[in-house]
Every structure is written in C-alpha cells, then in structure tokens.
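What follows is a short report on a single structure.
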Amino acid sequence: MIGLGNLCRGDDGAGLLVARRLAGRVPAGVDVLELDGEPAGLLTAGERVEAAWLVDAADAVRAATPAGTILRFDAGVRPLPAPVFAAASTHAIGLAEALEIARALGRLPEHTVVYAIAGREFGAGDVPCRPVEAAAGTVADAIRVELARYRAASRRIAAARGSWEREARGDASRVQTGQRDGGET
Amino acid sequence: MTGEPRPAPPPTGPPAGPDRVIRTGLLARVEGEGTVRIRVRGGRVEAARLSLVEPPRFFEAFLRGRAWTEAPDITARICGICPVAYQLSAVAAMEQIGGIRVDGPAAALRRLIYCGEWLESHALHVFLLHLPDFLGHDSAVALARDRPELVRHGLALKKAGNTVMRVIGGRSVHPVNVRVGGWYRVPTRRELNTLVGPLERARDLAAGAVRLAAGLDFADRAPAPAPVLVALAQPGEYPIERGRIVSSTGLDLPAADFDQYFAEEQVPWSNALHSRLLPVAAGDGRRVDGGSYLVGPAARFGLNAPVLAPAARSVAAETGLGAPETNPSRSILIRCVEMVHAADEGLRIIAGYDEPDRPAQPVAPRAGVGYGVTEAPRGLLYHRYETDAAGTIVSARIVPPTAQNQRRIEEDLRGVAERFLGAPDHELAARCERAVRDYDPCISCATHFLTVQIEALP
C-alpha cells in the first residue's frame with residue numbers, strides 16, 4: 001500500500017494520512033509506504049509486487065465533487081482518468097502517467113487499486129481540511145477490508161491451484177504410467 | 001555577453017487584427033507549476049514571461065523560531081527530487097555558525113549521497129521528461145510504449161541513485177540521516193560495497209545515454225545568447241557539495257559574499273523572486289554588468305569540464321562535447337555526462353572509504369550567521385541562516401536554482417517565440433514548452449504546473 005503526497009501542501013497529504021493510519025495495522029507480507037517525492041518513484045519502489053493499493057489526492061474542482069469525496073479506480077484494468085489526477089499532482093510525472101509507464105513496461109501489478117480523495121487546498125503550508133481527514137479514515141478502513149478479502153481470495157485460489165496441480169500431476173503420472181505400461185505391452 | 005534582456009521591439013503599424021488569446025493545456029514534463037505567457041503585439045513578441053510559485057518563501061518563514069538542528073530535515077521537504085541538496089546546503093551553513101568543518105570519511109559520504117541524488121534526478125529528467133521531445137513523443141508513456149528499453153535504462157539509473165540515497169540516508173526520498181556535524185549513523189564498508197554493482201551498471205548505462213544523446217537532432221533549436229555561467233568550483237574536483245562561487249565573467253567568491261554580487265527582485269507576474277547579477281567589479285577589476293545568469297549542468301560543465309571524473313571526461317570527448325555548450329537543448333547531453341561522473345565518483349569514494357570513529361562531531365549552538373552553497377542537480381543552491389545563542393533560527397534565506405535561472409529562461413523564451421512566431425499556435429506553444437524543459441525547472445522547489453498562454457494583441 002502506498003500513500004502519495006506532500007503534507008506541506010494541504011490536502012495533497014491525503015495519501016500520507018491514509019498510509020499513517022494503516023502503518024502497523026496490516027497483515028504480514030503487506031508493506032505500507034509513504035511516497036512524498038514524485039510518482040515516478042513508484043516505478044522503482046518495488047518489484048515483484050503482487051497487488052497494490054495507492055492513495056493520492058485529486059482536485060475537487062477537476063473531479064467536480066466536494067472536498068473529501070472518495071473515488072476508487074481499478075487501475076490494473078484501465079487507465080486512470082488523467083485530468084482528475086494531473087490537476088492535483090504536485091509532480092512532473094503524474095500518478096496516471098506513472099501507472100501507464102509501468103503498464104507499458106509490464107511492471108503494473110494486475111491487481112492495482114487507486115483511491116483518490118478530493119481536496120481543494122494545495123498551497124504551501126496549508127493543512128488538510130476536515131473532510132479530507134475524515135475521508136482518509138474511511139479509505140484506510142476500506143483498504144483493510146479489501147486486503148482481507150484479497151488475501152482470502154488468494155488463499156482460495158492458491159488452494160484450488162494446488163489441488164489442480166496435484167490433480168494434473170496425478171493425471172500426468174497416470175499418463176506416463178499408462179505409456180510405460182503401453183510400451184511394455 | 002551579459003545576458004541582458006533584449007528590449008521589446010517598438011510597436012509597428014496599426015493593429016494587425018482582432019485580439020486573441022490562445023491557451024494550451026497543462027504543460028507536462030516540467031517539475032512544478034507555473035505559466036508561460038507570450039504576448040505578441042503588432043506581429044512582434046512584446047513579452048515572454050514565466051510565472052512560478054515558489055515554496056521556499058513559505059519555508060523561510062516556517063524556519064523562523066525552529067532549532068538550528070531542524071533545518072536539514074525541514075528544508076528537505078521543499079523538494080522531493082533534490083532533498084539532499086537542501087539538507088547539505090543547510091548543514092554547511094549551520095556548521096559555519098557552529099565553527100566546525102566536517103571532513104574525512106563523513107565529508108566523503110556527503111559527496112557520495114549527493115552523487116546518488118544527481119543520478120536519480122538527472123535520470124528522471126533525461127529519460128522521462130526531456131528525451132520524449134527529441135524522439136517525437138508527447139509523453140514518457142508514449143516513449144515507454146515505443147522504446148521500452150530506453151525507459152528501463154532510465155529507471156535503472158534512477159534506481160541506482162535512489163539506492164545510494166537509501167543506503168546512506170536511510171530513505172531514498174527525504175533521507176533522515178543527515179545532521180549538523182556529520183551523520184546520525186554511518187554505513188559500514190560492507191553496506192557501501194553493496195552499491196558497487198549498481199553504480200558500475202549505472203556508469204555503463206549513463207555512458208550509453210551520452211552516446212544516445214549525442215546522436216539526437218538539436219539543429220532546430222533557436223540559438224540563445226551566450227549566458228553568464230555561475231557555478232561552484234573547487235580545485236581538482238567537479239563541484240558538488242562544496243566550493244567557491246565562480247562565474248564566466250571572473251567572479252570568485254565565498255558563499256558569504258553571495259548577497260554582494262547577486263540580487264533577488266520581485267516581478268509583478270511571478271511569485272518567485274527573479275535573481276540577477278549586481279553590477280560590481282570582478283576580481284580583475286573589470287566591471288561586470290548586472291543581468292541574467294545561468295546555473296545548472298551547462299554552467300557547471302562550462303566552468304569545470306577539465307576536472308570531470310576520467311570516465312565522464314572520456315565519453316564527453318568521444319562525442320565531441322566541448323565547454324562551454326551554448327545550445328540549451330544540448331543540456332541533455334551534459335546531464336548524461338554528469339550521470340557518468342556521479343557514478344564514477346561514487347565508485348571512487350566507496351573504494352577509498354574508511355568507516356569513521358564517530359558519525360558526527362560535537363557542535364554547540366552559537367549566535368551567528370552562516371552560509372551554505374552546494375550544487376543541486378539543477379544548479380547552485382544558496383542558504384543563509386541567522387541563529388541566536390540558543391540555536392534558534394532568527395532568519396532564513398533560500399535561493400533555489402530555478403529562481404536564479406528564471407530571468408535567463410525568459411530571455412531564451414523570447415528568442416524562441418520570435419523565431420517561430422509564424423508557426424501555428426500549437427507548434428509555437430510546443431516550442432515554448434520544450435524551451436522551458438531544456439532548463440529542467442524544478443518541480444517541487446519552484447512550481448507545480450506550467451501552462452502556456454500565447455496572447456496576440458493588435
């Protein structure tokens with residue numbers, strides 16, 4: 001889980017607020033990172049990541065929603081709506097662009113979820129507004145639920161895959177045995 | 001050539017047509033936020049202005065009343081790309097106040113972590129922000145789709161730089177290990193040895209990038225008047241974390257004299273202060289006219305090329321790059337050469353590293369004024385602090401490289417706009433955007449977004 005933003009720039013710190021709420025409260029094997037540089041850092045942040053949850057700020061005006069509104073996107077499936085993110089990004093390579101570069105390079109985890117929290121004040125020295133702080137708590141809770149569901153689903157898939165592989169091995173073994181038997185006859 | 005702004009051409013003839021204002025979308029691939037506004041009157045460029053928002057002004061106020069030991073960590077927050085530059089300019093100033101000088105392995109580690117920052121910052125700009133301009137792509141995404149191997153090389157270089165910053169600084173973004181007097185903890189030799197492989201690979205990739213950049217087409221770039229170059233210089237070494245301030249006009253001064261030779265002034269169209277040279281006598285007695293000046297890779301290279309690391313010097317010579325280089329677009333080539341230098345210099349430092357007995361020298365607060373200058377990836381970064389006897393910061397002043405280059409960028413923009421005035425609006429806007437990107441104006445230190453507005457008046 002990666003929270004993006006800059007807490008010195010008001011509502012831009014939304015992603016970091018979520019990361020801090022989740023730190024130490026996620027299952028083993030899940031890393032919680034704060035990325036307070038540019039989103040291009042995502043491209044070198046980690047390799048062999050199975051699934052990712054990202055939280056960033058969006059511009060309330062561009063997103064045409066009140067501050068504190070929570071938006072959720074399945075970025076693993078389709079690109080982010082670039083204008084919503086570009087407008088609130090404090091960076092040269094915006095989040096949407098960083099994810100598309102990762103996709104082009106085959107580095108984007110298939111399961112990539114992006115939460116955006118709409119903010120309105122991004123000035124130096126601003127503090128996050130109350131609706132954004134409240135939304136950060138809601139997003140943190142939502143991600144914990146998603147993490148639990150994802151892990152449960154992963155376990156079911158792993159169990160099913162193991163069963164299938166055992167079955168496949170058994171079939172192969174039977175086939176080989178059959179061939180050998182056949183060869184002998 | 002002083003770089004003095006060219007006067008606006010006189011108005012010519014009657015109005016040529018109705019007023020019109022052309023606005024492009026957000027300018028991507030520039031680190032920051034701001035606006036380029038080109039005003040055309042009567043078929044002539046009347047004004048070329050770059051407006052920037054400049055967070056250092058906020059931080060200067062925020063630092064007042066804080067402890068002197070907090071300056072490195074607070075100022076690191078100004079920029080997510082070059083936090084080390086802010087940290088090391090801050091500690092240099094505070095150590096001057098404290099009356100100590102950090103040397104030996106602790107100083108070498110500072111140079112090493114700075115090499116990491118140069119690598120990650122230059123790799124970001126070269127491969128993701130600047131290179132698409134030369135290869136016919138409108139974004140790094142398009143470049144990644146067309147030439148994924150190039151973007152992978154860029155990311156490998158960036159990662160090598162980030163790794164150096166993480167191993168020495170504790171984190172790859174906003175390192176937390178720098179302190180007044182030295183370090184909180186110094187890495188072991190074994191930890192530094194883990195950097196050898198990534199830096200060797202980075203040096204090879206950077207040399208490849210130099211050769212790639214040398215083959216790019218720079219022919220259609222509007223020429224810019226030769227600028228006054230300003231950079232640090234230090235005998236026998238390419239300037240990174242220390243040195244005296246020198247210029248192509250003969251200046252040679254300590255950081256403490258910065259205010260006597262450079263001034264910042266408010267302009268109505270930008271929140272950022274514009275820097276300019278004050279008219280003063282140079283070291284040899286000549287009068288140096290005030291005006292714009294250039295800091296950053298082209299200035300560093302122009303004033304210090306002979307002391308580049310051998311590997312960087314060699315590959316620069318191989319490609320015919322000579323100092324000074326006055327085509328602003330060819331700064332991409334210099335950034336690539338500086339990446340070779342940063343990797344090679346990093347390897348040299350690691351090879352000679354002896355773990356110091358203690359990570360930091362004791363230093364006590366004192367009332368005083370201190371100055372720190374270092375070479376951020378984008379150029380000279382100046383800090384000045386005044387503290388009271390308890391070490392509380394009374395005043396702070398920070399002059400980032402982008403503010404220093406702003407006037408110069410505007411002069412260049414005017415030339416680009418004049419040369420391509422007959423082009424369609426979208427092409428003219430694109431030319432202006434490219435011209436700004438040639439200077440790699442800093443994102444977080446200076447700006448967020450850059451929009452281009454072409455205003456055509458009768």
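Chain identifiers are assigned as A, B, and so on, following the order in which chains appear in the structure tokens; residues are numbered from 1 within each chain, and ligands are numbered from 1 in order of appearance.
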(message) Using DSSP secondary structure from the backbone, list all strand (DSSP E) positions within region 2-133 of chain A, as JSON, numbers by chain.
(response) {"A": [2, 3, 4, 33, 34, 35, 51, 52, 53, 54, 55, 56, 57, 58, 59, 70, 71, 72, 73, 74, 111, 112, 113, 114, 115, 116, 117, 118, 119]}
Based on the selection just made, write N, CA, C and O atoms of those residues as a tab-separated table (two decimals), in the first residue's frame.
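Listing of again29.tsv after writing:
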chain	number	residue	atom	x	y	z
A	2	ILE	N	0.62	2.14	-0.90
A	2	ILE	CA	1.45	3.34	-1.00
A	2	ILE	C	0.57	4.58	-0.91
A	2	ILE	O	-0.39	4.73	-1.66
A	3	GLY	N	0.91	5.45	0.02
A	3	GLY	CA	0.26	6.74	0.10
A	3	GLY	C	1.15	7.78	-0.54
A	3	GLY	O	2.34	7.85	-0.25
A	4	LEU	N	0.58	8.56	-1.45
A	4	LEU	CA	1.37	9.58	-2.15
A	4	LEU	C	0.94	10.97	-1.70
A	4	LEU	O	-0.22	11.19	-1.37
A	33	LEU	N	3.90	2.08	2.47
A	33	LEU	CA	4.94	3.04	2.12
A	33	LEU	C	4.36	4.44	1.98
A	33	LEU	O	3.21	4.61	1.58
A	34	GLU	N	5.17	5.41	2.33
A	34	GLU	CA	4.81	6.81	2.06
A	34	GLU	C	5.70	7.29	0.93
A	34	GLU	O	6.92	7.17	1.01
A	35	LEU	N	5.12	7.82	-0.11
A	35	LEU	CA	5.90	8.34	-1.23
A	35	LEU	C	5.65	9.84	-1.29
A	35	LEU	O	4.63	10.29	-1.82
A	51	ALA	N	0.08	-7.18	-5.67
A	51	ALA	CA	-1.11	-6.33	-5.72
A	51	ALA	C	-0.77	-5.01	-5.05
A	51	ALA	O	0.07	-4.96	-4.16
A	52	ALA	N	-1.41	-3.95	-5.50
A	52	ALA	CA	-1.07	-2.63	-4.96
A	52	ALA	C	-2.34	-1.81	-4.72
A	52	ALA	O	-3.28	-1.86	-5.51
A	53	TRP	N	-2.33	-1.10	-3.60
A	53	TRP	CA	-3.37	-0.11	-3.31
A	53	TRP	C	-2.66	1.24	-3.18
A	53	TRP	O	-1.72	1.37	-2.37
A	54	LEU	N	-3.07	2.20	-3.97
A	54	LEU	CA	-2.44	3.52	-3.96
A	54	LEU	C	-3.48	4.55	-3.54
A	54	LEU	O	-4.65	4.45	-3.91
A	55	VAL	N	-3.04	5.53	-2.78
A	55	VAL	CA	-3.96	6.61	-2.39
A	55	VAL	C	-3.29	7.94	-2.70
A	55	VAL	O	-2.15	8.19	-2.30
A	56	ASP	N	-4.00	8.79	-3.43
A	56	ASP	CA	-3.47	10.11	-3.78
A	56	ASP	C	-4.61	11.12	-3.66
A	56	ASP	O	-5.78	10.77	-3.50
A	57	ALA	N	-4.25	12.38	-3.75
A	57	ALA	CA	-5.26	13.43	-3.74
A	57	ALA	C	-5.72	13.70	-5.17
A	57	ALA	O	-4.97	13.52	-6.12
A	58	ALA	N	-6.95	14.12	-5.29
A	58	ALA	CA	-7.48	14.58	-6.59
A	58	ALA	C	-7.98	16.01	-6.37
A	58	ALA	O	-8.27	16.42	-5.26
A	59	ASP	N	-8.06	16.74	-7.45
A	59	ASP	CA	-8.54	18.11	-7.35
A	59	ASP	C	-10.07	18.11	-7.36
A	59	ASP	O	-10.69	17.65	-8.31
A	70	ILE	N	-14.58	10.45	-2.03
A	70	ILE	CA	-13.65	9.33	-2.28
A	70	ILE	C	-13.96	8.72	-3.64
A	70	ILE	O	-15.11	8.40	-3.94
A	71	LEU	N	-12.92	8.58	-4.44
A	71	LEU	CA	-13.06	7.96	-5.76
A	71	LEU	C	-12.22	6.68	-5.75
A	71	LEU	O	-11.15	6.64	-5.16
A	72	ARG	N	-12.72	5.66	-6.43
A	72	ARG	CA	-11.98	4.39	-6.47
A	72	ARG	C	-11.86	3.92	-7.91
A	72	ARG	O	-12.82	3.96	-8.67
A	73	PHE	N	-10.66	3.49	-8.28
A	73	PHE	CA	-10.41	3.07	-9.66
A	73	PHE	C	-9.66	1.74	-9.68
A	73	PHE	O	-8.74	1.54	-8.87
A	74	ASP	N	-10.03	0.87	-10.60
A	74	ASP	CA	-9.28	-0.37	-10.82
A	74	ASP	C	-8.24	-0.07	-11.89
A	74	ASP	O	-8.46	-0.29	-13.08
A	111	HIS	N	-3.50	-6.54	-10.08
A	111	HIS	CA	-4.48	-6.00	-9.12
A	111	HIS	C	-3.93	-4.68	-8.58
A	111	HIS	O	-3.12	-4.67	-7.65
A	112	THR	N	-4.29	-3.59	-9.20
A	112	THR	CA	-3.86	-2.27	-8.74
A	112	THR	C	-5.09	-1.40	-8.54
A	112	THR	O	-5.83	-1.14	-9.49
A	113	VAL	N	-5.29	-1.00	-7.31
A	113	VAL	CA	-6.45	-0.17	-6.97
A	113	VAL	C	-5.95	1.21	-6.58
A	113	VAL	O	-4.97	1.34	-5.83
A	114	VAL	N	-6.59	2.23	-7.09
A	114	VAL	CA	-6.24	3.61	-6.73
A	114	VAL	C	-7.43	4.27	-6.05
A	114	VAL	O	-8.54	4.29	-6.61
A	115	TYR	N	-7.20	4.75	-4.86
A	115	TYR	CA	-8.19	5.59	-4.20
A	115	TYR	C	-7.74	7.04	-4.35
A	115	TYR	O	-6.56	7.36	-4.16
A	116	ALA	N	-8.67	7.90	-4.68
A	116	ALA	CA	-8.36	9.33	-4.73
A	116	ALA	C	-9.30	10.04	-3.77
A	116	ALA	O	-10.49	9.73	-3.69
A	117	ILE	N	-8.75	10.97	-3.03
A	117	ILE	CA	-9.55	11.77	-2.10
A	117	ILE	C	-9.55	13.20	-2.64
A	117	ILE	O	-8.49	13.81	-2.82
A	118	ALA	N	-10.71	13.71	-2.91
A	118	ALA	CA	-10.81	15.05	-3.50
A	118	ALA	C	-10.45	16.10	-2.45
A	118	ALA	O	-10.94	16.09	-1.33
A	119	GLY	N	-9.53	16.98	-2.85
A	119	GLY	CA	-9.12	18.07	-1.97
A	119	GLY	C	-9.28	19.39	-2.68
A	119	GLY	O	-9.52	19.44	-3.89
(request) When you get a sec, could you note down which chain A residues fall within 12 Å of chain B, using only C-alpha atoms, as a ChimeraX atom specification? (result) /A:4-9,33-47,79,82-83,86-107,122-126
(request) Quick one: everything within 10 Å of Ala224 (chain B), counting only C-alpha atoms, minus sequence neighbours fewer than 5 positions away in the same chain. Send it as a list in words. (result)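 The neighbour list is Gly3, Thr326, Asn327, Pro328, Arg408, Ile409, Glu411, Asp412, Leu413, Arg414, Gly415 and Val416 of chain B.
Of the listed residues A:Val145, A:Ala28, A:Met1, A:Ala168, the one whose atoms come nearest to Gly15 (chain A) is A:Met1, with distances taken using only C-alpha atoms.
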(request) Kindly indicate which residue among B:Pro441, B:Gly370, B:Pro187, B:Gly250 lies nearest to Tyr353 (chain B), using only C-alpha atoms for the distances. (result)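 Selected residue with least distance to Tyr353 (chain B): B:Pro187.
Here CA of Asp354 (chain B) is placed at a distance of 7.2 Å from CA of Arg189 (chain B).
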(request) Would you mind telling me which residue in B:Pro400, B:Pro297, B:Pro72, B:Pro359 lies nearest to His122 (chain B) when using only C-alpha atoms? (result) B:Pro297
(message) Can you pull out the residues contacting Ala60 (chain A)? Cut-off 8 Å, using only C-alpha atoms, and skip same-chain residues under 2 positions away; I want them as number ranges by chain.
(response) A: 58, 62-67, 69, 118-120
(message) Rounded to one decimal, what separation in Å do you get between CA of Arg431 (chain B) and CA of Arg419 (chain B)?
(response) 10.0 Å
